[in-house]
file upload-v4.pdb (PDB, C-alpha atoms and all ligand atoms)
ATOM      1  CA  MET U   1     -23.832   5.116   3.860
ATOM      2  CA  PRO U   2     -21.106   4.254   1.364
ATOM      3  CA  ARG U   3     -21.204   0.698   0.124
ATOM      4  CA  LYS U   4     -18.655  -1.671   1.562
ATOM      5  CA  PRO U   5     -15.650  -1.840  -0.715
ATOM      6  CA  TRP U   6     -15.965  -5.550  -1.455
ATOM      7  CA  THR U   7     -19.577  -5.235  -2.601
ATOM      8  CA  LEU U   8     -18.267  -3.120  -5.472
ATOM      9  CA  PRO U   9     -16.618  -4.513  -8.569
ATOM     10  CA  ASP U  10     -12.866  -4.445  -8.087
ATOM     11  CA  ARG U  11     -12.301  -1.849 -10.763
ATOM     12  CA  GLU U  12     -14.527   0.540  -8.899
ATOM     13  CA  ILE U  13     -12.872   0.232  -5.497
ATOM     14  CA  THR U  14      -9.319   0.258  -6.756
ATOM     15  CA  ASP U  15      -8.043   3.184  -4.767
ATOM     16  CA  GLU U  16      -5.347   3.801  -7.266
ATOM     17  CA  ALA U  17      -7.923   4.069 -10.081
ATOM     18  CA  HIS U  18      -8.990   7.310  -8.470
ATOM     19  CA  TYR U  19      -5.742   8.736  -9.704
ATOM     20  CA  LEU U  20      -6.441   7.963 -13.332
ATOM     21  CA  ASP U  21      -8.086  10.635 -15.388
ATOM     22  CA  ARG U  22     -11.818  10.191 -15.775
ATOM     23  CA  ARG U  23     -11.742   8.870 -19.305
ATOM     24  CA  ARG U  24      -9.254   6.155 -18.540
ATOM     25  CA  PHE U  25     -11.111   5.343 -15.346
ATOM     26  CA  LEU U  26     -14.364   4.816 -17.252
ATOM     27  CA  LYS U  27     -12.545   2.705 -19.785
ATOM     28  CA  ALA U  28     -11.177   0.619 -16.934
ATOM     29  CA  LEU U  29     -14.696   0.186 -15.563
ATOM     30  CA  GLY U  30     -15.779  -1.113 -18.946
ATOM     31  CA  VAL U  31     -13.613  -4.195 -18.597
ATOM     32  CA  GLY U  32     -14.471  -4.541 -14.927
ATOM     33  CA  GLY U  33     -17.363  -6.933 -15.463
ATOM     34  CA  LEU U  34     -14.909  -9.779 -15.244
ATOM     35  CA  ALA U  35     -13.818  -8.796 -11.788
ATOM     36  CA  ALA U  36     -16.956  -9.948  -9.976
ATOM     37  CA  GLY U  37     -16.111 -13.613 -10.558
ATOM     38  CA  GLY U  38     -12.412 -13.025 -10.593
ATOM     39  CA  LEU U  39     -11.558 -15.220  -7.650
ATOM     40  CA  ALA U  40     -13.740 -18.141  -8.644
ATOM     41  CA  GLY U  41     -12.804 -21.227 -10.605
ATOM     42  CA  LEU U  42      -9.043 -21.053 -10.461
ATOM     43  CA  GLY U  43      -7.125 -24.142 -11.446
ATOM     44  CA  ARG U  44      -4.058 -25.615  -9.821
ATOM     45  CA  GLY U  45      -0.364 -25.249 -10.519
ATOM     46  CA  VAL U  46       0.000 -21.512 -10.873
ATOM     47  CA  PHE U  47       3.792 -21.695 -10.605
ATOM     48  CA  GLU U  48       4.011 -24.238 -13.372
ATOM     49  CA  ARG U  49       1.594 -22.385 -15.619
ATOM     50  CA  ALA U  50       3.134 -19.002 -14.967
ATOM     51  CA  GLN U  51       6.636 -20.176 -15.811
ATOM     52  CA  ALA U  52       6.211 -23.339 -17.799
ATOM     53  CA  SER U  53       9.476 -22.928 -19.670
ATOM     54  CA  ASP U  54      11.495 -21.931 -16.622
ATOM     55  CA  PRO U  55      10.145 -23.452 -13.390
ATOM     56  CA  LEU U  56      10.780 -21.424 -10.280
ATOM     57  CA  PRO U  57      13.428 -23.044  -8.075
ATOM     58  CA  GLU U  58      12.476 -24.297  -4.647
ATOM     59  CA  LEU U  59      14.294 -22.403  -1.918
ATOM     60  CA  GLY U  60      14.000 -24.982   0.863
ATOM     61  CA  ALA U  61      14.383 -22.455   3.684
ATOM     62  CA  ALA U  62      13.260 -23.606   7.137
ATOM     63  CA  ARG U  63      10.180 -21.920   8.555
ATOM     64  CA  ASN U  64      11.094 -19.717  11.512
ATOM     65  CA  PRO U  65       9.012 -21.160  14.395
ATOM     66  CA  ALA U  66       8.415 -17.650  15.766
ATOM     67  CA  PHE U  67       6.492 -16.845  12.552
ATOM     68  CA  ALA U  68       4.908 -20.210  11.789
ATOM     69  CA  ASP U  69       1.373 -19.288  12.845
ATOM     70  CA  ALA U  70      -0.253 -16.049  11.708
ATOM     71  CA  GLY U  71      -3.491 -16.916  13.523
ATOM     72  CA  ARG U  72      -5.367 -17.512  10.260
ATOM     73  CA  PRO U  73      -5.177 -20.153   7.563
ATOM     74  CA  LEU U  74      -2.653 -19.708   4.759
ATOM     75  CA  THR U  75      -4.184 -18.193   1.651
ATOM     76  CA  ASP U  76      -4.320 -20.676  -1.206
ATOM     77  CA  ALA U  77      -1.355 -20.007  -3.515
ATOM     78  CA  ASP U  78      -3.583 -19.927  -6.580
ATOM     79  CA  LEU U  79      -5.556 -17.072  -5.046
ATOM     80  CA  ALA U  80      -2.632 -15.072  -3.693
ATOM     81  CA  LEU U  81      -0.621 -15.359  -6.910
ATOM     82  CA  ARG U  82      -3.480 -14.447  -9.236
ATOM     83  CA  TYR U  83      -4.762 -11.352  -7.479
ATOM     84  CA  ASN U  84      -2.059  -8.714  -7.399
ATOM     85  CA  ASN U  85      -1.367  -5.041  -7.392
ATOM     86  CA  PHE U  86       1.508  -4.330  -9.762
ATOM     87  CA  TYR U  87       0.666  -1.213 -11.748
ATOM     88  CA  GLU U  88       3.768  -1.523 -13.908
ATOM     89  CA  PHE U  89       1.878  -4.297 -15.731
ATOM     90  CA  THR U  90      -1.842  -3.651 -15.393
ATOM     91  CA  THR U  91      -4.339  -2.206 -12.921
ATOM     92  CA  THR U  92      -6.533  -5.310 -13.311
ATOM     93  CA  LYS U  93      -5.575  -7.452 -10.341
ATOM     94  CA  GLU U  94      -6.720 -10.729 -11.920
ATOM     95  CA  ALA U  95      -4.567 -10.128 -14.999
ATOM     96  CA  VAL U  96      -1.226  -9.156 -13.448
ATOM     97  CA  TRP U  97       0.083 -12.727 -13.377
ATOM     98  CA  LYS U  98      -0.561 -13.101 -17.126
ATOM     99  CA  GLU U  99       0.766  -9.684 -18.121
ATOM    100  CA  ALA U 100       3.932 -10.156 -16.038
ATOM    101  CA  LYS U 101       4.519 -13.775 -17.046
ATOM    102  CA  ASP U 102       7.692 -13.167 -19.084
ATOM    103  CA  PHE U 103       9.110 -10.386 -16.903
ATOM    104  CA  ARG U 104      12.797 -10.915 -16.046
ATOM    105  CA  LEU U 105      15.478  -8.687 -14.575
ATOM    106  CA  ASP U 106      18.536 -10.467 -15.889
ATOM    107  CA  PRO U 107      21.275  -9.913 -14.900
ATOM    108  CA  TYR U 108      19.975  -8.795 -11.531
ATOM    109  CA  GLY U 109      21.798  -6.920  -8.816
ATOM    110  CA  LEU U 110      20.569  -4.983  -5.794
ATOM    111  CA  GLU U 111      22.429  -1.703  -5.566
ATOM    112  CA  VAL U 112      22.915  -0.286  -2.056
ATOM    113  CA  LYS U 113      24.012   3.328  -2.010
ATOM    114  CA  GLY U 114      23.876   6.630  -0.152
ATOM    115  CA  LEU U 115      24.908   6.843   3.498
ATOM    116  CA  VAL U 116      26.502   3.386   3.783
ATOM    117  CA  GLU U 117      30.022   2.345   4.679
ATOM    118  CA  ARG U 118      30.320  -0.208   1.881
ATOM    119  CA  PRO U 119      28.160   0.781  -1.104
ATOM    120  CA  GLY U 120      27.881  -1.751  -3.897
ATOM    121  CA  THR U 121      25.717  -4.237  -5.717
ATOM    122  CA  LEU U 122      24.632  -7.551  -4.235
ATOM    123  CA  SER U 123      23.569 -10.561  -6.270
ATOM    124  CA  LEU U 124      20.406 -12.431  -5.317
ATOM    125  CA  GLU U 125      22.607 -15.233  -3.988
ATOM    126  CA  GLN U 126      24.582 -12.812  -1.814
ATOM    127  CA  VAL U 127      21.358 -11.487  -0.338
ATOM    128  CA  GLU U 128      20.036 -14.999   0.302
ATOM    129  CA  ALA U 129      23.363 -16.027   1.878
ATOM    130  CA  LEU U 130      22.630 -13.561   4.686
ATOM    131  CA  GLY U 131      20.302 -16.230   6.076
ATOM    132  CA  LEU U 132      17.167 -17.261   4.245
ATOM    133  CA  GLU U 133      14.132 -18.248   6.323
ATOM    134  CA  GLU U 134      10.414 -18.681   5.796
ATOM    135  CA  ARG U 135       7.857 -16.636   7.736
ATOM    136  CA  VAL U 136       4.084 -16.664   7.563
ATOM    137  CA  TYR U 137       2.832 -13.072   7.637
ATOM    138  CA  ARG U 138      -0.542 -11.405   7.433
ATOM    139  CA  PHE U 139      -0.639  -8.931   4.533
ATOM    140  CA  ARG U 140      -3.197  -6.109   4.307
ATOM    141  CA  CYS U 141      -3.825  -3.953   1.240
ATOM    142  CA  VAL U 142      -5.204  -0.457   1.800
ATOM    143  CA  GLU U 143      -8.169  -1.542  -0.371
ATOM    144  CA  ALA U 144      -9.349  -3.801   2.503
ATOM    145  CA  TRP U 145      -8.384  -7.194   1.086
ATOM    146  CA  ALA U 146      -5.930  -9.314   3.006
ATOM    147  CA  MET U 147      -4.033 -12.567   2.699
ATOM    148  CA  THR U 148      -1.768 -14.820   4.759
ATOM    149  CA  VAL U 149       1.398 -15.782   2.950
ATOM    150  CA  PRO U 150       4.633 -17.725   3.594
ATOM    151  CA  TRP U 151       7.425 -15.434   2.440
ATOM    152  CA  THR U 152      11.041 -16.549   2.087
ATOM    153  CA  GLY U 153      13.613 -13.898   2.779
ATOM    154  CA  VAL U 154      16.169 -12.341   5.071
ATOM    155  CA  PRO U 155      15.666  -9.584   7.613
ATOM    156  CA  LEU U 156      16.520  -6.215   6.059
ATOM    157  CA  LYS U 157      18.494  -5.557   9.240
ATOM    158  CA  ALA U 158      21.012  -8.263   8.264
ATOM    159  CA  LEU U 159      21.548  -6.648   4.863
ATOM    160  CA  LEU U 160      21.920  -3.168   6.350
ATOM    161  CA  GLU U 161      24.423  -4.467   8.876
ATOM    162  CA  LYS U 162      26.416  -6.088   6.076
ATOM    163  CA  VAL U 163      26.768  -2.823   4.152
ATOM    164  CA  GLY U 164      27.172  -0.700   7.292
ATOM    165  CA  VAL U 165      24.787   2.218   7.870
ATOM    166  CA  LYS U 166      26.445   5.592   8.455
ATOM    167  CA  PRO U 167      25.366   7.416  11.631
ATOM    168  CA  GLU U 168      23.730  10.272   9.665
ATOM    169  CA  ALA U 169      21.327   7.877   7.905
ATOM    170  CA  ARG U 170      17.710   8.113   9.062
ATOM    171  CA  TYR U 171      15.729   6.613   6.164
ATOM    172  CA  VAL U 172      15.883   3.866   3.556
ATOM    173  CA  TRP U 173      14.587   4.715   0.098
ATOM    174  CA  PHE U 174      13.613   1.806  -2.204
ATOM    175  CA  HIS U 175      13.485   2.022  -5.990
ATOM    176  CA  SER U 176      11.743  -0.485  -8.242
ATOM    177  CA  PHE U 177      12.860  -1.383 -11.779
ATOM    178  CA  LEU U 178      12.296   0.818 -14.813
ATOM    179  CA  ASP U 179      11.849  -1.073 -18.085
ATOM    180  CA  PRO U 180       8.981   0.198 -20.243
ATOM    181  CA  LYS U 181       9.778  -2.448 -22.877
ATOM    182  CA  GLN U 182       8.738  -5.157 -20.433
ATOM    183  CA  ALA U 183       6.199  -3.223 -18.358
ATOM    184  CA  PRO U 184       3.252  -1.817 -20.329
ATOM    185  CA  GLY U 185       2.155   0.370 -17.415
ATOM    186  CA  GLN U 186       5.450   2.239 -17.622
ATOM    187  CA  ARG U 187       4.750   3.196 -21.237
ATOM    188  CA  LYS U 188       2.021   5.541 -19.979
ATOM    189  CA  ASP U 189       2.847   8.820 -18.326
ATOM    190  CA  ASP U 190       0.136   8.806 -15.644
ATOM    191  CA  TYR U 191       2.455   7.638 -12.875
ATOM    192  CA  PRO U 192       5.911   8.805 -11.834
ATOM    193  CA  TRP U 193       7.816   5.610 -12.675
ATOM    194  CA  PRO U 194       9.804   3.893 -11.365
ATOM    195  CA  TYR U 195       7.871   3.026  -8.175
ATOM    196  CA  TYR U 196       9.533   4.273  -5.005
ATOM    197  CA  GLU U 197       8.872   3.696  -1.312
ATOM    198  CA  ALA U 198      10.679   4.405   1.935
ATOM    199  CA  LEU U 199      10.922   3.493   5.602
ATOM    200  CA  ARG U 200      12.379   5.224   8.608
ATOM    201  CA  LEU U 201      15.627   3.557   9.628
ATOM    202  CA  ASP U 202      14.091   2.183  12.870
ATOM    203  CA  GLU U 203      11.286   0.599  10.787
ATOM    204  CA  ALA U 204      13.795  -0.797   8.303
ATOM    205  CA  MET U 205      15.893  -2.268  11.145
ATOM    206  CA  HIS U 206      12.861  -3.840  12.843
ATOM    207  CA  GLU U 207      13.070  -7.635  12.870
ATOM    208  CA  LEU U 208       9.721  -7.977  11.034
ATOM    209  CA  THR U 209      10.929  -6.098   7.937
ATOM    210  CA  LEU U 210      11.948  -8.643   5.313
ATOM    211  CA  VAL U 211      13.866  -8.633   2.062
ATOM    212  CA  VAL U 212      11.882 -11.273   0.184
ATOM    213  CA  THR U 213      13.088 -13.484  -2.681
ATOM    214  CA  GLY U 214      10.499 -16.258  -2.423
ATOM    215  CA  VAL U 215       6.897 -17.131  -1.665
ATOM    216  CA  TYR U 216       5.208 -20.496  -1.042
ATOM    217  CA  GLY U 217       8.643 -22.114  -0.890
ATOM    218  CA  ARG U 218       9.871 -21.050  -4.344
ATOM    219  CA  ARG U 219      11.577 -18.034  -5.874
ATOM    220  CA  LEU U 220       9.150 -15.151  -6.388
ATOM    221  CA  PRO U 221       7.090 -15.385  -9.549
ATOM    222  CA  PRO U 222       7.065 -12.170 -11.616
ATOM    223  CA  GLN U 223       3.652 -11.006 -10.406
ATOM    224  CA  SER U 224       4.829 -11.082  -6.780
ATOM    225  CA  GLY U 225       7.746  -8.725  -7.422
ATOM    226  CA  ALA U 226      10.557 -10.931  -8.709
ATOM    227  CA  PRO U 227      13.385 -11.203  -8.130
ATOM    228  CA  LEU U 228      13.373  -9.271  -4.833
ATOM    229  CA  ARG U 229      10.877  -7.188  -2.875
ATOM    230  CA  ILE U 230      10.423  -5.728   0.564
ATOM    231  CA  VAL U 231       7.643  -6.888   2.924
ATOM    232  CA  VAL U 232       6.544  -4.748   5.874
ATOM    233  CA  PRO U 233       3.611  -6.630   7.449
ATOM    234  CA  TRP U 234       2.258  -3.926   9.787
ATOM    235  CA  LYS U 235       1.789  -1.361   7.002
ATOM    236  CA  TYR U 236      -0.599  -1.177   4.057
ATOM    237  CA  GLY U 237       0.563  -3.229   1.091
ATOM    238  CA  TYR U 238       1.885  -0.348  -0.985
ATOM    239  CA  LYS U 239       4.656   0.111   1.593
ATOM    240  CA  SER U 240       6.007  -3.286   0.382
ATOM    241  CA  PRO U 241       7.674  -2.398  -2.949
ATOM    242  CA  LYS U 242       8.159  -5.060  -5.616
ATOM    243  CA  SER U 243      11.051  -5.767  -7.981
ATOM    244  CA  VAL U 244      13.393  -3.495  -6.072
ATOM    245  CA  VAL U 245      16.680  -2.738  -7.825
ATOM    246  CA  SER U 246      18.232  -0.241  -5.450
ATOM    247  CA  MET U 247      18.084   1.124  -1.948
ATOM    248  CA  GLU U 248      19.508   4.351  -0.773
ATOM    249  CA  LEU U 249      20.278   5.351   2.824
ATOM    250  CA  ALA U 250      19.299   8.981   3.333
ATOM    251  CA  ALA U 251      19.377  11.665   6.011
ATOM    252  CA  GLU U 252      16.129  13.374   4.939
ATOM    253  CA  GLN U 253      12.701  11.806   4.577
ATOM    254  CA  PRO U 254      12.355  10.569   0.978
ATOM    255  CA  PRO U 255       9.121  10.991  -0.971
ATOM    256  CA  THR U 256       6.980   7.897  -1.682
ATOM    257  CA  PHE U 257       4.920   6.991  -4.747
ATOM    258  CA  TRP U 258       1.339   6.883  -3.422
ATOM    259  CA  ASN U 259       1.856   9.644  -0.884
ATOM    260  CA  ASP U 260       3.069  11.855  -3.733
ATOM    261  CA  ALA U 261       0.207  10.815  -6.014
ATOM    262  CA  VAL U 262      -2.722  11.248  -3.586
ATOM    263  CA  PRO U 263      -1.458  12.625  -0.256
ATOM    264  CA  ALA U 264      -4.963  12.978   1.190
ATOM    265  CA  GLU U 265      -5.532   9.233   0.814
ATOM    266  CA  TYR U 266      -2.121   7.666   1.438
ATOM    267  CA  SER U 267      -0.030   8.844   4.334
ATOM    268  CA  TRP U 268       3.704   8.523   4.405
ATOM    269  CA  LEU U 269       3.724   6.140   7.402
ATOM    270  CA  SER U 270       0.623   4.105   6.431
ATOM    271  CA  ASN U 271       0.519   1.806   9.423
ATOM    272  CA  VAL U 272      -2.575  -0.432   9.317
ATOM    273  CA  ASP U 273      -5.112   1.373  11.505
ATOM    274  CA  PRO U 274      -8.790   0.367  11.795
ATOM    275  CA  THR U 275      -9.685   3.707  13.382
ATOM    276  CA  VAL U 276      -8.565   5.859  10.463
ATOM    277  CA  PRO U 277     -10.907   5.410   7.492
ATOM    278  CA  HIS U 278      -9.728   5.847   3.955
ATOM    279  CA  PRO U 279     -11.621   8.885   2.589
ATOM    280  CA  ARG U 280     -13.667   6.534   0.393
ATOM    281  CA  TRP U 281     -14.149   3.473   2.649
ATOM    282  CA  SER U 282     -13.843   2.211   6.180
ATOM    283  CA  GLN U 283     -10.678   0.467   7.336
ATOM    284  CA  ALA U 284     -12.441  -1.126  10.345
ATOM    285  CA  VAL U 285     -13.012  -4.421   8.531
ATOM    286  CA  GLU U 286     -11.255  -6.470   5.878
ATOM    287  CA  ARG U 287     -11.881  -9.558   3.769
ATOM    288  CA  LEU U 288      -9.441 -12.426   3.335
ATOM    289  CA  LEU U 289      -8.842 -13.683  -0.197
ATOM    290  CA  GLY U 290     -10.926 -16.854  -0.534
ATOM    291  CA  ASP U 291     -13.206 -15.936   2.375
ATOM    292  CA  GLU U 292     -15.775 -13.184   1.946
ATOM    293  CA  THR U 293     -16.544 -12.999   5.683
ATOM    294  CA  GLU U 294     -15.829  -9.619   7.210
ATOM    295  CA  ARG U 295     -13.110  -9.585   9.830
ATOM    296  CA  ALA U 296     -12.075  -6.825  12.153
ATOM    297  CA  THR U 297      -8.943  -5.063  10.967
ATOM    298  CA  LEU U 298      -6.235  -5.292  13.628
ATOM    299  CA  ALA U 299      -4.172  -2.275  14.649
ATOM    300  CA  TYR U 300      -0.738  -2.569  13.022
ATOM    301  CA  ASN U 301      -2.242  -5.589  11.215
ATOM    302  CA  GLY U 302      -1.901  -7.508  14.487
ATOM    303  CA  TYR U 303       1.793  -6.739  14.969
ATOM    304  CA  GLY U 304       1.281  -4.029  17.602
ATOM    305  CA  ASP U 305       3.048  -6.010  20.352
ATOM    306  CA  GLN U 306       6.190  -5.867  18.245
ATOM    307  CA  VAL U 307       5.967  -2.468  16.560
ATOM    308  CA  ALA U 308       3.741  -0.072  18.542
ATOM    309  CA  LYS U 309       6.790   1.006  20.512
ATOM    310  CA  LEU U 310       8.253   2.511  17.338
ATOM    311  CA  TYR U 311       5.430   5.048  17.328
ATOM    312  CA  ALA U 312       5.140   5.863  21.038
ATOM    313  CA  ALA U 313       5.456   9.584  21.719
ATOM    314  CA  LYS U 314       9.045  10.393  22.493
TER     315      LYS U 314
HETATM  316  N1  LIG L 401       6.697  -1.840  -7.767
HETATM  317  C1  LIG L 401       5.475  -1.973  -7.235
HETATM  318  N2  LIG L 401       5.371  -2.423  -5.978
HETATM  319  C2  LIG L 401       4.149  -2.572  -5.408
HETATM  320  C3  LIG L 401       2.974  -2.221  -6.109
HETATM  321  C4  LIG L 401       3.123  -1.749  -7.449
HETATM  322  O1  LIG L 401       2.131  -1.435  -8.150
HETATM  323  N3  LIG L 401       4.379  -1.650  -7.963
HETATM  324  N4  LIG L 401       1.738  -2.351  -5.513
HETATM  325  C5  LIG L 401       1.720  -2.367  -4.047
HETATM  326  C6  LIG L 401       0.425  -2.728  -3.497
HETATM  327  S1  LIG L 401      -0.806  -1.549  -3.565
HETATM  328  C7  LIG L 401       0.202  -3.938  -2.873
HETATM  329  S2  LIG L 401      -1.271  -4.290  -2.097
HETATM  330  C8  LIG L 401       1.219  -5.003  -2.912
HETATM  331  C9  LIG L 401       0.613  -6.243  -3.541
HETATM  332  O2  LIG L 401       1.483  -7.345  -3.444
HETATM  333  P1  LIG L 401       1.022  -8.756  -4.049
HETATM  334  O3  LIG L 401       0.532  -8.501  -5.439
HETATM  335  O4  LIG L 401       2.221  -9.619  -3.989
HETATM  336  O5  LIG L 401      -0.090  -9.233  -3.191
HETATM  337  O6  LIG L 401       2.387  -4.628  -3.653
HETATM  338  C10 LIG L 401       2.810  -3.284  -3.483
HETATM  339  N5  LIG L 401       4.069  -3.074  -4.141
HETATM  340 MO    MO L 402      -2.394  -2.250  -1.999
END

call {"tool": "encode", "arguments": {"input": "upload-v4.pdb", "output": "structure tokens"}}
result
Amino acid sequence: MPRKPWTLPDREITDEAHYLDRRRFLKALGVGGLAAGGLAGLGRGVFERAQASDPLPELGAARNPAFADAGRPLTDADLALRYNNFYEFTTTKEAVWKEAKDFRLDPYGLEVKGLVERPGTLSLEQVEALGLEERVYRFRCVEAWAMTVPWTGVPLKALLEKVGVKPEARYVWFHSFLDPKQAPGQRKDDYPWPYYEALRLDEAMHELTLVVTGVYGRRLPPQSGAPLRIVVPWKYGYKSPKSVVSMELAAEQPPTFWNDAVPAEYSWLSNVDPTVPHPRWSQAVERLLGDETERATLAYNGYGDQVAKLYAAK
């Protein structure tokens, strides 16, 4: 029997580490001793510490009552914001917040292009003016850790309706930033930077799909994908790209980063599914950050009532 993923040091289970060449993987394991205690002993005030010179503004968006209760307690902010996947900075989850501390995209604009009626670039404020709200979502990484987080954002549907989607468009392709000067991970050639992800148009237009500019009531800190990311709560975490700078409406299915890198391990759709094991671990159970108890993984991460219809045979 394979060991359960969370009984392994984090460096060892990191799915993405599989993609590194063996030498770099072993080197990564060498610093992995820290990972075992990585979630213990965290202090308070991660926002303040992460951005002492430039505190993150409070967004003050009302919590949407339809998404106020995710059926589990909120993950402590200090845990959720100090345990990240953001390979542009480092593959060590506990260190992303430090490595990304000074990351800024300034000036920032979100370019919307391709098969749209009104292509152009939106400022963060223009995106937020589409109607900012807070929603508590479950979030499930393919590596079997999960969290429950209050995101602040606007439905992607509202943004797509503002720019006008042409009838030929069938997919939305997201592109993250490229700035090797700021992002040490992008100075290596082992990944096809910049990060890219995609959704079918019906997934992108689903009311659960959010354009996110804040978390825990404030603007996103760098490690969470500042200044703007996508969150798709019924899919594995890598389908929620961070620090997105452009989106492109397309007629053909676009390629995606992890599906390109290791197609046998990361499918294009990647809906959370307890019945389909990852080749190297089960997906039947998960562990919540801050709570080592095993929980059953829910189909579509518990959002099946809302989204299963998207995948019914037609
Ligand atoms: N640009 C970019 N987006 C990304 C990633 C990344 O490495 N780069 N990692 C993905 C993965 S694997 C996960 S689990 C989530 C993690 O989001 P969090 O760090 O805010 O929890 O971001 C996703 N989006
Ligand atoms: Mo992930």

call {"tool": "resolve_selection", "arguments": {"input": "upload-v4.pdb", "expression": "the PyMOL selection byres (((chain U and resi 136-150) around 9) and not hetatm)", "output": "VMD selection string"}}
result
chain U and resid 5 to 6 13 to 15 63 to 64 67 to 77 80 134 to 135 151 to 152 214 to 217 231 to 238 266 270 272 278 281 to 290 297 301 to 302

call {"tool": "axis_aligned_box", "arguments": {"input": "upload-v4.pdb", "around": "ligand LIG 401 (chain L)", "padding_each_side": "3 Å", "output": "lines of an AutoDock Vina configuration file"}}
result
center_x = 2.7
center_y = -5.5
center_z = -5.1
size_x = 14.0
size_y = 14.2
size_z = 12.1

call {"tool": "atom_distance", "arguments": {"input": "upload-v4.pdb", "atom1": "atom CA of Leu201 of chain U", "atom2": "atom CA of Ala313 of chain U"}}
result
16.9 Å

call {"tool": "resolve_selection", "arguments": {"input": "upload-v4.pdb", "expression": "the PyMOL selection byres (((not hetatm)) within 6 of (chain L and resi 401))", "output": "MDAnalysis selection string"}}
result
chainID U and resid 84:88 141 176 195 224 237:238 240:243

call {"tool": "closest_residue", "arguments": {"input": "upload-v4.pdb", "among": "U:Trp258, U:Arg218, U:Leu81, U:His206", "to": "ligand MO 402 (chain L)", "atoms": "only C-alpha atoms and all ligand atoms"}}
result
U:Trp258

call {"tool": "resolve_selection", "arguments": {"input": "upload-v4.pdb", "expression": "the PyMOL selection byres (((chain U and resi 101) around 9) and not hetatm)", "output": "JSON, numbers by chain"}}
result
{"U": [50, 51, 96, 97, 98, 99, 100, 102, 103, 104, 221, 222, 223]}

call {"tool": "closest_residue", "arguments": {"input": "upload-v4.pdb", "among": "U:Thr209, U:Leu310, U:Lys239, U:Asp202", "to": "ligand MO 402 (chain L)", "atoms": "all atoms listed in the file"}}
result
U:Lys239

call {"tool": "closest_residue", "arguments": {"input": "upload-v4.pdb", "among": "U:Phe174, U:Tyr191, U:Phe89, U:Tyr83", "to": "ligand MO 402 (chain L)", "atoms": "only C-alpha atoms and all ligand atoms"}}
result
U:Tyr83

call {"tool": "atom_distance", "arguments": {"input": "upload-v4.pdb", "atom1": "atom CA of Leu249 of chain U", "atom2": "atom CA of Val116 of chain U"}}
result
6.6 Å

call {"tool": "closest_residue", "arguments": {"input": "upload-v4.pdb", "among": "U:Thr91, U:Glu203, U:Pro155, U:Gln253", "to": "ligand MO 402 (chain L)", "atoms": "only C-alpha atoms and all ligand atoms"}}
result
U:Thr91

call {"tool": "atom_distance", "arguments": {"input": "upload-v4.pdb", "atom1": "atom CA of Leu130 of chain U", "atom2": "atom CA of Val163 of chain U"}}
result
11.5 Å

call {"tool": "residues_around", "arguments": {"input": "upload-v4.pdb", "residues": "Leu115 of chain U", "least_positions_apart": "6", "cutoff": "8 Å", "atoms": "only C-alpha atoms", "output": "ChimeraX atom specification"}}
result
/U:165-166,168-169,248-251

call {"tool": "build_atoms", "arguments": {"input": "upload-v4.pdb", "residues": "segment 89-100 of chain U", "atoms": "N, CA and C atoms", "output": "PDB file, in the frame of the given file"}}
result
ATOM      1  N   PHE U  89       2.376  -3.370 -14.711  1.00  0.00           N
ATOM      2  CA  PHE U  89       1.878  -4.297 -15.731  1.00  0.00           C
ATOM      3  C   PHE U  89       0.435  -4.006 -16.103  1.00  0.00           C
ATOM      4  N   THR U  90      -0.447  -3.971 -15.127  1.00  0.00           N
ATOM      5  CA  THR U  90      -1.842  -3.651 -15.393  1.00  0.00           C
ATOM      6  C   THR U  90      -2.501  -3.291 -14.062  1.00  0.00           C
ATOM      7  N   THR U  91      -3.595  -2.527 -14.141  1.00  0.00           N
ATOM      8  CA  THR U  91      -4.339  -2.206 -12.921  1.00  0.00           C
ATOM      9  C   THR U  91      -5.440  -3.242 -12.657  1.00  0.00           C
ATOM     10  N   THR U  92      -5.539  -4.238 -13.506  1.00  0.00           N
ATOM     11  CA  THR U  92      -6.533  -5.310 -13.311  1.00  0.00           C
ATOM     12  C   THR U  92      -5.872  -6.430 -12.512  1.00  0.00           C
ATOM     13  N   LYS U  93      -6.270  -6.538 -11.256  1.00  0.00           N
ATOM     14  CA  LYS U  93      -5.575  -7.452 -10.341  1.00  0.00           C
ATOM     15  C   LYS U  93      -5.536  -8.892 -10.843  1.00  0.00           C
ATOM     16  N   GLU U  94      -6.629  -9.336 -11.471  1.00  0.00           N
ATOM     17  CA  GLU U  94      -6.720 -10.729 -11.920  1.00  0.00           C
ATOM     18  C   GLU U  94      -5.833 -11.006 -13.132  1.00  0.00           C
ATOM     19  N   ALA U  95      -5.334  -9.940 -13.765  1.00  0.00           N
ATOM     20  CA  ALA U  95      -4.567 -10.128 -14.999  1.00  0.00           C
ATOM     21  C   ALA U  95      -3.070  -9.908 -14.819  1.00  0.00           C
ATOM     22  N   VAL U  96      -2.653  -9.469 -13.627  1.00  0.00           N
ATOM     23  CA  VAL U  96      -1.226  -9.156 -13.448  1.00  0.00           C
ATOM     24  C   VAL U  96      -0.370 -10.384 -13.742  1.00  0.00           C
ATOM     25  N   TRP U  97      -0.774 -11.541 -13.226  1.00  0.00           N
ATOM     26  CA  TRP U  97       0.083 -12.727 -13.377  1.00  0.00           C
ATOM     27  C   TRP U  97       0.299 -13.074 -14.851  1.00  0.00           C
ATOM     28  N   LYS U  98      -0.715 -12.815 -15.689  1.00  0.00           N
ATOM     29  CA  LYS U  98      -0.561 -13.101 -17.126  1.00  0.00           C
ATOM     30  C   LYS U  98       0.309 -12.044 -17.804  1.00  0.00           C
ATOM     31  N   GLU U  99       0.023 -10.784 -17.488  1.00  0.00           N
ATOM     32  CA  GLU U  99       0.766  -9.684 -18.121  1.00  0.00           C
ATOM     33  C   GLU U  99       2.250  -9.725 -17.750  1.00  0.00           C
ATOM     34  N   ALA U 100       2.552 -10.191 -16.534  1.00  0.00           N
ATOM     35  CA  ALA U 100       3.932 -10.156 -16.038  1.00  0.00           C
ATOM     36  C   ALA U 100       4.678 -11.468 -16.289  1.00  0.00           C
TER      37      ALA U 100
END
